[in-house]
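As stored in structure.pdb (PDB, C-alpha atoms, pLDDT in the B column):
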```
ATOM      1  CA  MET X   1     116.167 106.003 108.485  1.00 47.00           C
ATOM      2  CA  ALA X   2     114.405 106.874 105.286  1.00 58.00           C
ATOM      3  CA  ASP X   3     112.808 110.244 105.669  1.00 80.00           C
ATOM      4  CA  VAL X   4     111.302 111.324 102.384  1.00 90.00           C
ATOM      5  CA  ALA X   5     110.111 109.501  99.303  1.00 93.00           C
ATOM      6  CA  PHE X   6     109.274 110.763  95.867  1.00 93.00           C
ATOM      7  CA  THR X   7     108.747 109.646  92.313  1.00 93.00           C
ATOM      8  CA  ASP X   8     110.109 111.415  89.277  1.00 92.00           C
ATOM      9  CA  GLU X   9     108.260 112.011  86.035  1.00 89.00           C
ATOM     10  CA  ALA X  10     109.674 108.775  84.593  1.00 91.00           C
ATOM     11  CA  GLY X  11     108.156 106.746  87.456  1.00 91.00           C
ATOM     12  CA  MET X  12     111.409 106.102  89.254  1.00 93.00           C
ATOM     13  CA  TYR X  13     110.847 105.779  93.001  1.00 95.00           C
ATOM     14  CA  TYR X  14     113.364 107.342  95.406  1.00 95.00           C
ATOM     15  CA  VAL X  15     113.626 106.980  99.168  1.00 95.00           C
ATOM     16  CA  VAL X  16     115.831 109.582 100.764  1.00 95.00           C
ATOM     17  CA  ASP X  17     117.764 109.021 103.969  1.00 95.00           C
ATOM     18  CA  VAL X  18     118.777 112.330 105.562  1.00 95.00           C
ATOM     19  CA  LYS X  19     122.078 112.234 107.451  1.00 95.00           C
ATOM     20  CA  THR X  20     123.494 115.232 109.242  1.00 94.00           C
ATOM     21  CA  HIS X  21     127.079 115.697 110.242  1.00 93.00           C
ATOM     22  CA  ARG X  22     128.570 118.381 112.465  1.00 93.00           C
ATOM     23  CA  THR X  23     131.965 118.853 110.869  1.00 92.00           C
ATOM     24  CA  ASP X  24     133.836 119.770 114.024  1.00 87.00           C
ATOM     25  CA  THR X  25     133.131 116.372 115.571  1.00 84.00           C
ATOM     26  CA  LYS X  26     136.084 114.073 115.095  1.00 78.00           C
ATOM     27  CA  PHE X  27     134.190 110.898 114.440  1.00 81.00           C
ATOM     28  CA  ASN X  28     130.747 110.169 113.089  1.00 86.00           C
ATOM     29  CA  MET X  29     129.753 106.731 111.817  1.00 92.00           C
ATOM     30  CA  PRO X  30     126.119 106.801 110.718  1.00 92.00           C
ATOM     31  CA  ASN X  31     124.133 103.725 109.737  1.00 94.00           C
ATOM     32  CA  LEU X  32     122.695 103.976 106.245  1.00 96.00           C
ATOM     33  CA  THR X  33     120.618 100.862 105.828  1.00 96.00           C
ATOM     34  CA  SER X  34     120.438  97.111 106.240  1.00 96.00           C
ATOM     35  CA  VAL X  35     122.090  95.096 103.476  1.00 97.00           C
ATOM     36  CA  GLU X  36     119.066  92.818 103.351  1.00 97.00           C
ATOM     37  CA  ARG X  37     116.671  95.730 103.072  1.00 96.00           C
ATOM     38  CA  LEU X  38     118.707  97.388 100.349  1.00 97.00           C
ATOM     39  CA  THR X  39     119.101  94.235  98.274  1.00 97.00           C
ATOM     40  CA  ARG X  40     115.352  93.671  98.400  1.00 97.00           C
ATOM     41  CA  PHE X  41     114.738  97.303  97.462  1.00 96.00           C
ATOM     42  CA  TYR X  42     117.133  97.016  94.540  1.00 97.00           C
ATOM     43  CA  GLU X  43     115.341  94.020  93.101  1.00 96.00           C
ATOM     44  CA  SER X  44     113.500  96.704  91.206  1.00 96.00           C
ATOM     45  CA  ASP X  45     115.630  98.818  88.866  1.00 96.00           C
ATOM     46  CA  THR X  46     113.135 101.653  89.239  1.00 95.00           C
ATOM     47  CA  ASN X  47     113.878 102.003  92.978  1.00 96.00           C
ATOM     48  CA  CYS X  48     116.663 104.233  94.178  1.00 96.00           C
ATOM     49  CA  PHE X  49     118.038 104.602  97.710  1.00 97.00           C
ATOM     50  CA  VAL X  50     119.383 108.113  98.092  1.00 97.00           C
ATOM     51  CA  VAL X  51     121.544 109.529 100.858  1.00 96.00           C
ATOM     52  CA  LEU X  52     121.220 113.231 101.626  1.00 97.00           C
ATOM     53  CA  LEU X  53     124.289 114.171 103.639  1.00 96.00           C
ATOM     54  CA  VAL X  54     124.125 117.576 105.264  1.00 96.00           C
ATOM     55  CA  SER X  55     127.343 118.870 106.829  1.00 95.00           C
ATOM     56  CA  TYR X  56     127.154 121.834 109.157  1.00 94.00           C
ATOM     57  CA  THR X  57     128.917 123.888 111.765  1.00 93.00           C
ATOM     58  CA  ILE X  58     127.303 125.745 114.647  1.00 91.00           C
ATOM     59  CA  GLN X  59     127.614 129.473 115.126  1.00 88.00           C
ATOM     60  CA  ASN X  60     125.741 130.761 118.165  1.00 84.00           C
ATOM     61  CA  THR X  61     122.294 129.213 117.748  1.00 83.00           C
ATOM     62  CA  ARG X  62     122.531 128.755 113.985  1.00 88.00           C
ATOM     63  CA  ALA X  63     123.514 125.764 111.906  1.00 90.00           C
ATOM     64  CA  LEU X  64     125.591 126.907 108.959  1.00 93.00           C
ATOM     65  CA  ILE X  65     125.357 124.353 106.188  1.00 95.00           C
ATOM     66  CA  SER X  66     128.787 123.891 104.667  1.00 95.00           C
ATOM     67  CA  GLU X  67     128.127 121.060 102.236  1.00 96.00           C
ATOM     68  CA  VAL X  68     125.245 118.989 100.919  1.00 97.00           C
ATOM     69  CA  ARG X  69     125.606 115.737  99.034  1.00 97.00           C
ATOM     70  CA  PHE X  70     122.571 114.164  97.408  1.00 97.00           C
ATOM     71  CA  VAL X  71     123.568 110.842  95.910  1.00 97.00           C
ATOM     72  CA  PRO X  72     122.323 107.300  95.432  1.00 97.00           C
ATOM     73  CA  ILE X  73     124.081 104.905  97.773  1.00 98.00           C
ATOM     74  CA  GLU X  74     125.870 103.319  94.821  1.00 97.00           C
ATOM     75  CA  PHE X  75     127.781 106.550  94.205  1.00 97.00           C
ATOM     76  CA  LEU X  76     129.477 106.127  97.608  1.00 97.00           C
ATOM     77  CA  GLY X  77     132.820 104.357  97.324  1.00 97.00           C
ATOM     78  CA  TRP X  78     133.463 101.219  99.347  1.00 97.00           C
ATOM     79  CA  ASP X  79     136.608 102.825 100.724  1.00 96.00           C
ATOM     80  CA  CYS X  80     134.393 105.094 102.855  1.00 96.00           C
ATOM     81  CA  LEU X  81     131.775 102.495 103.778  1.00 97.00           C
ATOM     82  CA  THR X  82     131.826  99.654 106.241  1.00 97.00           C
ATOM     83  CA  ILE X  83     129.490  96.916 107.441  1.00 97.00           C
ATOM     84  CA  GLY X  84     128.247  96.981 111.015  1.00 96.00           C
ATOM     85  CA  ALA X  85     127.388  93.707 112.730  1.00 95.00           C
ATOM     86  CA  LEU X  86     123.703  94.191 113.371  1.00 95.00           C
ATOM     87  CA  GLY X  87     121.156  91.785 111.923  1.00 95.00           C
ATOM     88  CA  TRP X  88     122.136  90.892 108.352  1.00 97.00           C
ATOM     89  CA  GLY X  89     124.642  93.746 108.436  1.00 97.00           C
ATOM     90  CA  GLN X  90     124.275  97.506 108.311  1.00 97.00           C
ATOM     91  CA  ILE X  91     125.953  99.636 105.689  1.00 98.00           C
ATOM     92  CA  GLN X  92     127.650 102.479 107.525  1.00 96.00           C
ATOM     93  CA  ILE X  93     129.728 105.468 106.565  1.00 96.00           C
ATOM     94  CA  ALA X  94     133.078 104.675 108.202  1.00 94.00           C
ATOM     95  CA  ASN X  95     133.760 108.322 109.027  1.00 91.00           C
ATOM     96  CA  SER X  96     131.609 111.197 107.814  1.00 90.00           C
ATOM     97  CA  ASN X  97     134.701 113.400 107.558  1.00 89.00           C
ATOM     98  CA  PHE X  98     135.967 111.283 104.660  1.00 91.00           C
ATOM     99  CA  ILE X  99     133.476 110.494 101.948  1.00 94.00           C
ATOM    100  CA  THR X 100     134.399 109.209  98.510  1.00 95.00           C
ATOM    101  CA  LEU X 101     131.944 109.939  95.718  1.00 96.00           C
ATOM    102  CA  LYS X 102     131.867 108.150  92.395  1.00 96.00           C
ATOM    103  CA  PRO X 103     129.319 110.030  90.311  1.00 95.00           C
ATOM    104  CA  GLN X 104     127.370 107.913  87.823  1.00 94.00           C
ATOM    105  CA  TYR X 105     128.877 104.714  89.147  1.00 96.00           C
ATOM    106  CA  SER X 106     127.222 101.537  87.910  1.00 96.00           C
ATOM    107  CA  ARG X 107     124.692 100.031  90.300  1.00 97.00           C
ATOM    108  CA  LYS X 108     125.494  96.577  88.964  1.00 97.00           C
ATOM    109  CA  ILE X 109     129.199  96.925  89.772  1.00 98.00           C
ATOM    110  CA  TRP X 110     128.431  98.452  93.177  1.00 98.00           C
ATOM    111  CA  MET X 111     126.061  95.610  94.072  1.00 98.00           C
ATOM    112  CA  LEU X 112     128.657  93.038  93.005  1.00 98.00           C
ATOM    113  CA  GLU X 113     131.149  94.828  95.241  1.00 98.00           C
ATOM    114  CA  LEU X 114     128.599  94.732  98.077  1.00 98.00           C
ATOM    115  CA  CYS X 115     128.335  90.963  97.638  1.00 98.00           C
ATOM    116  CA  ASP X 116     132.140  90.634  97.734  1.00 98.00           C
ATOM    117  CA  VAL X 117     132.291  92.757 100.891  1.00 98.00           C
ATOM    118  CA  LEU X 118     129.649  90.567 102.544  1.00 98.00           C
ATOM    119  CA  LEU X 119     131.302  87.352 101.422  1.00 98.00           C
ATOM    120  CA  GLN X 120     134.357  88.515 103.375  1.00 97.00           C
ATOM    121  CA  PHE X 121     132.362  89.965 106.268  1.00 98.00           C
ATOM    122  CA  TYR X 122     130.275  86.890 107.131  1.00 98.00           C
ATOM    123  CA  PRO X 123     133.209  84.444 107.524  1.00 97.00           C
ATOM    124  CA  ARG X 124     134.835  86.978 109.899  1.00 97.00           C
ATOM    125  CA  GLU X 125     131.587  87.073 111.881  1.00 97.00           C
ATOM    126  CA  ILE X 126     131.511  83.254 111.980  1.00 97.00           C
ATOM    127  CA  ALA X 127     135.076  83.257 113.353  1.00 97.00           C
ATOM    128  CA  LYS X 128     134.048  85.809 116.007  1.00 97.00           C
ATOM    129  CA  ILE X 129     131.017  83.707 116.969  1.00 97.00           C
ATOM    130  CA  GLY X 130     133.247  80.609 117.204  1.00 98.00           C
ATOM    131  CA  LYS X 131     135.460  82.452 119.705  1.00 98.00           C
ATOM    132  CA  ARG X 132     132.411  83.530 121.690  1.00 97.00           C
ATOM    133  CA  ILE X 133     131.092  79.965 121.784  1.00 98.00           C
ATOM    134  CA  SER X 134     134.364  78.601 123.168  1.00 98.00           C
ATOM    135  CA  HIS X 135     134.545  81.511 125.640  1.00 98.00           C
ATOM    136  CA  PHE X 136     131.119  80.678 127.028  1.00 98.00           C
ATOM    137  CA  GLU X 137     131.884  76.965 127.083  1.00 98.00           C
ATOM    138  CA  GLN X 138     134.740  77.865 129.448  1.00 98.00           C
ATOM    139  CA  VAL X 139     132.542  80.226 131.465  1.00 98.00           C
ATOM    140  CA  LYS X 140     129.930  77.488 131.796  1.00 98.00           C
ATOM    141  CA  GLU X 141     132.518  74.931 132.926  1.00 98.00           C
ATOM    142  CA  ALA X 142     133.785  77.345 135.595  1.00 98.00           C
ATOM    143  CA  TRP X 143     130.222  77.824 136.874  1.00 97.00           C
ATOM    144  CA  VAL X 144     129.578  74.065 136.878  1.00 97.00           C
ATOM    145  CA  GLN X 145     132.628  73.568 139.085  1.00 96.00           C
ATOM    146  CA  LYS X 146     131.726  76.368 141.481  1.00 96.00           C
ATOM    147  CA  ALA X 147     130.079  75.539 144.823  1.00 94.00           C
ATOM    148  CA  ASP X 148     126.531  76.866 144.980  1.00 92.00           C
ATOM    149  CA  ALA X 149     126.681  79.418 147.765  1.00 91.00           C
ATOM    150  CA  TRP X 150     123.361  80.847 146.618  1.00 91.00           C
ATOM    151  CA  ALA X 151     121.240  77.705 146.884  1.00 88.00           C
ATOM    152  CA  ALA X 152     117.999  78.149 148.768  1.00 85.00           C
ATOM    153  CA  LEU X 153     118.363  77.068 152.387  1.00 82.00           C
ATOM    154  CA  PRO X 154     115.856  74.492 153.638  1.00 78.00           C
ATOM    155  CA  ILE X 155     113.080  76.250 155.488  1.00 78.00           C
ATOM    156  CA  GLU X 156     112.484  74.966 158.995  1.00 79.00           C
ATOM    157  CA  PRO X 157     108.854  74.468 159.988  1.00 79.00           C
ATOM    158  CA  PRO X 158     107.642  76.950 162.607  1.00 79.00           C
ATOM    159  CA  LYS X 159     107.967  75.696 166.163  1.00 80.00           C
ATOM    160  CA  LYS X 160     104.821  75.134 168.140  1.00 79.00           C
ATOM    161  CA  ILE X 161     104.564  77.276 171.212  1.00 79.00           C
ATOM    162  CA  GLU X 162     102.960  75.371 174.013  1.00 74.00           C
ATOM    163  CA  GLY X 163     101.617  77.229 176.942  1.00 67.00           C
TER     164      GLY X 163
ATOM    165  CA  MET Q   1     116.693 102.119  84.134  1.00 80.00           C
ATOM    166  CA  ARG Q   2     118.894 105.150  84.740  1.00 88.00           C
ATOM    167  CA  SER Q   3     117.753 107.966  86.937  1.00 93.00           C
ATOM    168  CA  LYS Q   4     117.248 111.230  85.125  1.00 91.00           C
ATOM    169  CA  ILE Q   5     118.272 113.020  88.280  1.00 94.00           C
ATOM    170  CA  PHE Q   6     121.526 111.223  89.007  1.00 95.00           C
ATOM    171  CA  TYR Q   7     122.765 110.554  85.488  1.00 93.00           C
ATOM    172  CA  THR Q   8     122.423 114.213  84.621  1.00 91.00           C
ATOM    173  CA  GLU Q   9     123.490 117.354  86.465  1.00 90.00           C
ATOM    174  CA  ARG Q  10     120.078 117.724  88.144  1.00 93.00           C
ATOM    175  CA  TYR Q  11     121.209 116.273  91.432  1.00 94.00           C
ATOM    176  CA  ILE Q  12     123.858 118.982  91.734  1.00 94.00           C
ATOM    177  CA  ALA Q  13     121.171 121.627  91.408  1.00 94.00           C
ATOM    178  CA  ILE Q  14     119.159 119.819  94.120  1.00 95.00           C
ATOM    179  CA  GLN Q  15     122.207 119.776  96.422  1.00 96.00           C
ATOM    180  CA  ASP Q  16     122.567 123.516  95.920  1.00 96.00           C
ATOM    181  CA  ASN Q  17     118.852 124.047  96.564  1.00 95.00           C
ATOM    182  CA  VAL Q  18     119.025 122.118  99.842  1.00 96.00           C
ATOM    183  CA  LYS Q  19     122.035 124.095 101.022  1.00 96.00           C
ATOM    184  CA  GLN Q  20     120.490 127.423 100.082  1.00 95.00           C
ATOM    185  CA  PHE Q  21     117.157 126.502 101.643  1.00 95.00           C
ATOM    186  CA  LEU Q  22     118.626 125.375 104.958  1.00 95.00           C
ATOM    187  CA  ASN Q  23     120.949 128.348 105.246  1.00 94.00           C
ATOM    188  CA  ALA Q  24     117.970 130.629 104.704  1.00 93.00           C
ATOM    189  CA  GLN Q  25     116.160 129.159 107.724  1.00 88.00           C
ATOM    190  CA  GLN Q  26     116.630 131.439 110.691  1.00 76.00           C
ATOM    191  CA  ASP Q  27     114.905 129.988 113.712  1.00 78.00           C
ATOM    192  CA  PHE Q  28     114.847 126.241 113.620  1.00 81.00           C
ATOM    193  CA  LEU Q  29     117.309 125.785 116.488  1.00 84.00           C
ATOM    194  CA  SER Q  30     117.071 126.983 120.050  1.00 83.00           C
ATOM    195  CA  PRO Q  31     119.843 127.436 122.644  1.00 83.00           C
ATOM    196  CA  SER Q  32     118.772 124.129 124.191  1.00 82.00           C
ATOM    197  CA  THR Q  33     118.871 122.109 120.942  1.00 85.00           C
ATOM    198  CA  VAL Q  34     121.891 123.639 119.260  1.00 85.00           C
ATOM    199  CA  GLY Q  35     124.391 121.617 121.283  1.00 84.00           C
ATOM    200  CA  SER Q  36     122.798 118.277 120.490  1.00 89.00           C
ATOM    201  CA  PRO Q  37     123.715 116.755 117.100  1.00 89.00           C
ATOM    202  CA  ARG Q  38     120.666 114.510 117.390  1.00 90.00           C
ATOM    203  CA  ALA Q  39     118.312 117.442 117.974  1.00 91.00           C
ATOM    204  CA  VAL Q  40     119.881 119.378 115.093  1.00 91.00           C
ATOM    205  CA  GLY Q  41     119.578 116.312 112.862  1.00 90.00           C
ATOM    206  CA  ASP Q  42     115.923 115.861 113.790  1.00 90.00           C
ATOM    207  CA  ALA Q  43     115.212 119.536 113.128  1.00 91.00           C
ATOM    208  CA  ILE Q  44     116.916 119.469 109.719  1.00 92.00           C
ATOM    209  CA  GLN Q  45     115.140 116.253 108.800  1.00 91.00           C
ATOM    210  CA  GLU Q  46     111.784 117.692 109.823  1.00 90.00           C
ATOM    211  CA  ILE Q  47     112.271 120.901 107.828  1.00 92.00           C
ATOM    212  CA  LEU Q  48     113.423 119.005 104.765  1.00 92.00           C
ATOM    213  CA  GLY Q  49     110.517 116.571 105.048  1.00 90.00           C
ATOM    214  CA  ARG Q  50     108.039 119.451 105.015  1.00 90.00           C
ATOM    215  CA  ASN Q  51     109.670 121.276 102.135  1.00 91.00           C
ATOM    216  CA  PHE Q  52     111.299 118.647  99.984  1.00 91.00           C
ATOM    217  CA  GLU Q  53     108.776 118.803  97.191  1.00 90.00           C
ATOM    218  CA  SER Q  54     109.466 122.490  96.577  1.00 90.00           C
ATOM    219  CA  ILE Q  55     113.218 121.942  96.934  1.00 92.00           C
ATOM    220  CA  LEU Q  56     113.108 119.236  94.263  1.00 91.00           C
ATOM    221  CA  GLY Q  57     111.119 121.449  91.940  1.00 86.00           C
ATOM    222  CA  ASP Q  58     110.271 119.814  88.621  1.00 81.00           C
ATOM    223  CA  ALA Q  59     112.396 116.754  89.452  1.00 77.00           C
ATOM    224  CA  CYS Q  60     109.545 115.508  91.626  1.00 75.00           C
ATOM    225  CA  ALA Q  61     106.272 114.166  90.302  1.00 71.00           C
ATOM    226  CA  GLU Q  62     104.981 113.183  93.756  1.00 75.00           C
ATOM    227  CA  CYS Q  63     106.546 113.540  97.174  1.00 74.00           C
ATOM    228  CA  SER Q  64     105.807 112.272 100.689  1.00 73.00           C
ATOM    229  CA  ALA Q  65     107.369 112.466 104.114  1.00 70.00           C
ATOM    230  CA  ASP Q  66     104.419 110.678 105.759  1.00 60.00           C
ATOM    231  CA  PHE Q  67     105.664 107.155 105.197  1.00 56.00           C
ATOM    232  CA  ALA Q  68     108.580 107.668 107.564  1.00 47.00           C
ATOM    233  CA  ARG Q  69     106.127 107.764 110.445  1.00 42.00           C
ATOM    234  CA  VAL Q  70     104.067 104.746 109.433  1.00 38.00           C
ATOM    235  CA  GLY Q  71     106.713 102.246 108.378  1.00 44.00           C
ATOM    236  CA  ARG Q  72     109.743 102.103 106.202  1.00 48.00           C
ATOM    237  CA  TRP Q  73     109.756 101.244 102.533  1.00 55.00           C
ATOM    238  CA  PRO Q  74     106.734  98.971 102.471  1.00 50.00           C
ATOM    239  CA  MET Q  75     106.039  97.059  99.272  1.00 48.00           C
ATOM    240  CA  TRP Q  76     109.189  98.202  97.626  1.00 49.00           C
ATOM    241  CA  HIS Q  77     109.172  95.478  95.026  1.00 42.00           C
ATOM    242  CA  LEU Q  78     106.599  97.559  93.283  1.00 45.00           C
ATOM    243  CA  PRO Q  79     107.529 100.895  91.766  1.00 42.00           C
ATOM    244  CA  MET Q  80     104.770 102.360  93.871  1.00 43.00           C
ATOM    245  CA  LYS Q  81     103.890 105.953  94.403  1.00 41.00           C
ATOM    246  CA  PRO Q  82     104.375 107.462  97.865  1.00 42.00           C
ATOM    247  CA  ALA Q  83     100.685 108.310  98.104  1.00 36.00           C
ATOM    248  CA  CYS Q  84      99.987 104.562  98.270  1.00 33.00           C
ATOM    249  CA  ILE Q  85     102.344 103.949 101.135  1.00 34.00           C
ATOM    250  CA  THR Q  86     100.003 104.908 103.939  1.00 28.00           C
ATOM    251  CA  LEU Q  87      97.740 102.033 102.894  1.00 28.00           C
ATOM    252  CA  TRP Q  88     100.372  99.613 104.154  1.00 26.00           C
ATOM    253  CA  THR Q  89     100.451 100.552 107.806  1.00 23.00           C
TER     254      THR Q  89
END
```
Take the structure in the file and give it back as structure tokens.
Amino acid sequence: MADVAFTDEAGMYYVVDVKTHRTDTKFNMPNLTSVERLTRFYESDTNCFVVLLVSYTIQNTRALISEVRFVPIEFLGWDCLTIGALGWGQIQIANSNFITLKPQYSRKIWMLELCDVLLQFYPREIAKIGKRISHFEQVKEAWVQKADAWAALPIEPPKKIEG
Amino acid sequence: MRSKIFYTERYIAIQDNVKQFLNAQQDFLSPSTVGSPRAVGDAIQEILGRNFESILGDACAECSADFARVGRWPMWHLPMKPACITLWT
């Protein structure tokens, strides 16, 4: 989700995606954005997709903020990101407990790395789909061979009562 | 084009501002919401959306949280201003 947007005095346009993380949970894998959406957004060099990661613990009824990270997505290392199989692919944080930051990392290099990640991801998805296709070919064959115990029974016409 | 926020130390100051601001909020959780990470996340997001312009300070020329409710990132090929976004609902 993108929650806030702003422009700076130089005309750069930022959308900010707020992500919260309770640090005492063992596993948290938030979606950041769609790869297709991000690549379209980054067609303009004056656009910036920013992640605001808020880590907290709970004490009684209060959230105590332990850490805040406010960084463009390209400052997040690929060793802490993963691609989720939804639509074109969703960039996800693999585990919010382990985040690698690369301050002032080059957007160009990061985008080239994104392309490399996707060029490995899609063939794996194709292989998975191939397995699913053959699985359902077998399922279909089993159903073709099965006797149809659920076929509609012929309905007998009502008998005439003579009296 | 390099961001003047992220290729300077300004973003660190913003991080600190967010942390300070949220820790200063007393009553945004209730006993019924505190146990739900989703409810806490929604509450934090809502508070930040309402106050982000002041948190950013002079880093922000124009700020909006409205667009999140009406559609995400419309017309992003253009370096548009957030005030325009509601036109694209």
Expected selection from the ChimeraX specification (/Q :<7) & /X, given as an NGL selection string: :X and (2-9 or 12-13 or 18 or 20 or 22 or 41 or 43-47 or 61-62 or 64-65 or 67-70 or 104)
For CA of Ala94 (chain X) and CA of Leu76 (chain X), the interatomic separation in Å (one decimal): 11.3 Å
Atomic distance CA of Gln120 (chain X) - CA of Ile83 (chain X), expressed in Å with one decimal: 10.5 Å
One-decimal distance in Å that lies between CA of Thr39 (chain X) and CA of Met111 (chain X): 8.2 Å
Output check: residues returned by the PyMOL selection byres ((chain X and resi 52) around 7), as a PyMOL selection string: chain X and resi 16-19+50-51+53-54+69-71
Evaluate the PyMOL selection byres ((chain X and resi 107) around 10) and report residues as a PyMOL selection string: (chain X and resi 42+45+48+72-75+104-106+108-113) or (chain Q and resi 2)
Just-selected residues, C-alpha atoms written as a compact mmCIF listing (two decimals), in the frame of the given file:
```txt
# COMPACT_ATOMS: atom_id res chain seq x y z
CA TYR X 42 117.13 97.02 94.54
CA ASP X 45 115.63 98.82 88.87
CA CYS X 48 116.66 104.23 94.18
CA PRO X 72 122.32 107.30 95.43
CA ILE X 73 124.08 104.90 97.77
CA GLU X 74 125.87 103.32 94.82
CA PHE X 75 127.78 106.55 94.20
CA GLN X 104 127.37 107.91 87.82
CA TYR X 105 128.88 104.71 89.15
CA SER X 106 127.22 101.54 87.91
CA LYS X 108 125.49 96.58 88.96
CA ILE X 109 129.20 96.92 89.77
CA TRP X 110 128.43 98.45 93.18
CA MET X 111 126.06 95.61 94.07
CA LEU X 112 128.66 93.04 93.00
CA GLU X 113 131.15 94.83 95.24
CA ARG Q 2 118.89 105.15 84.74
```
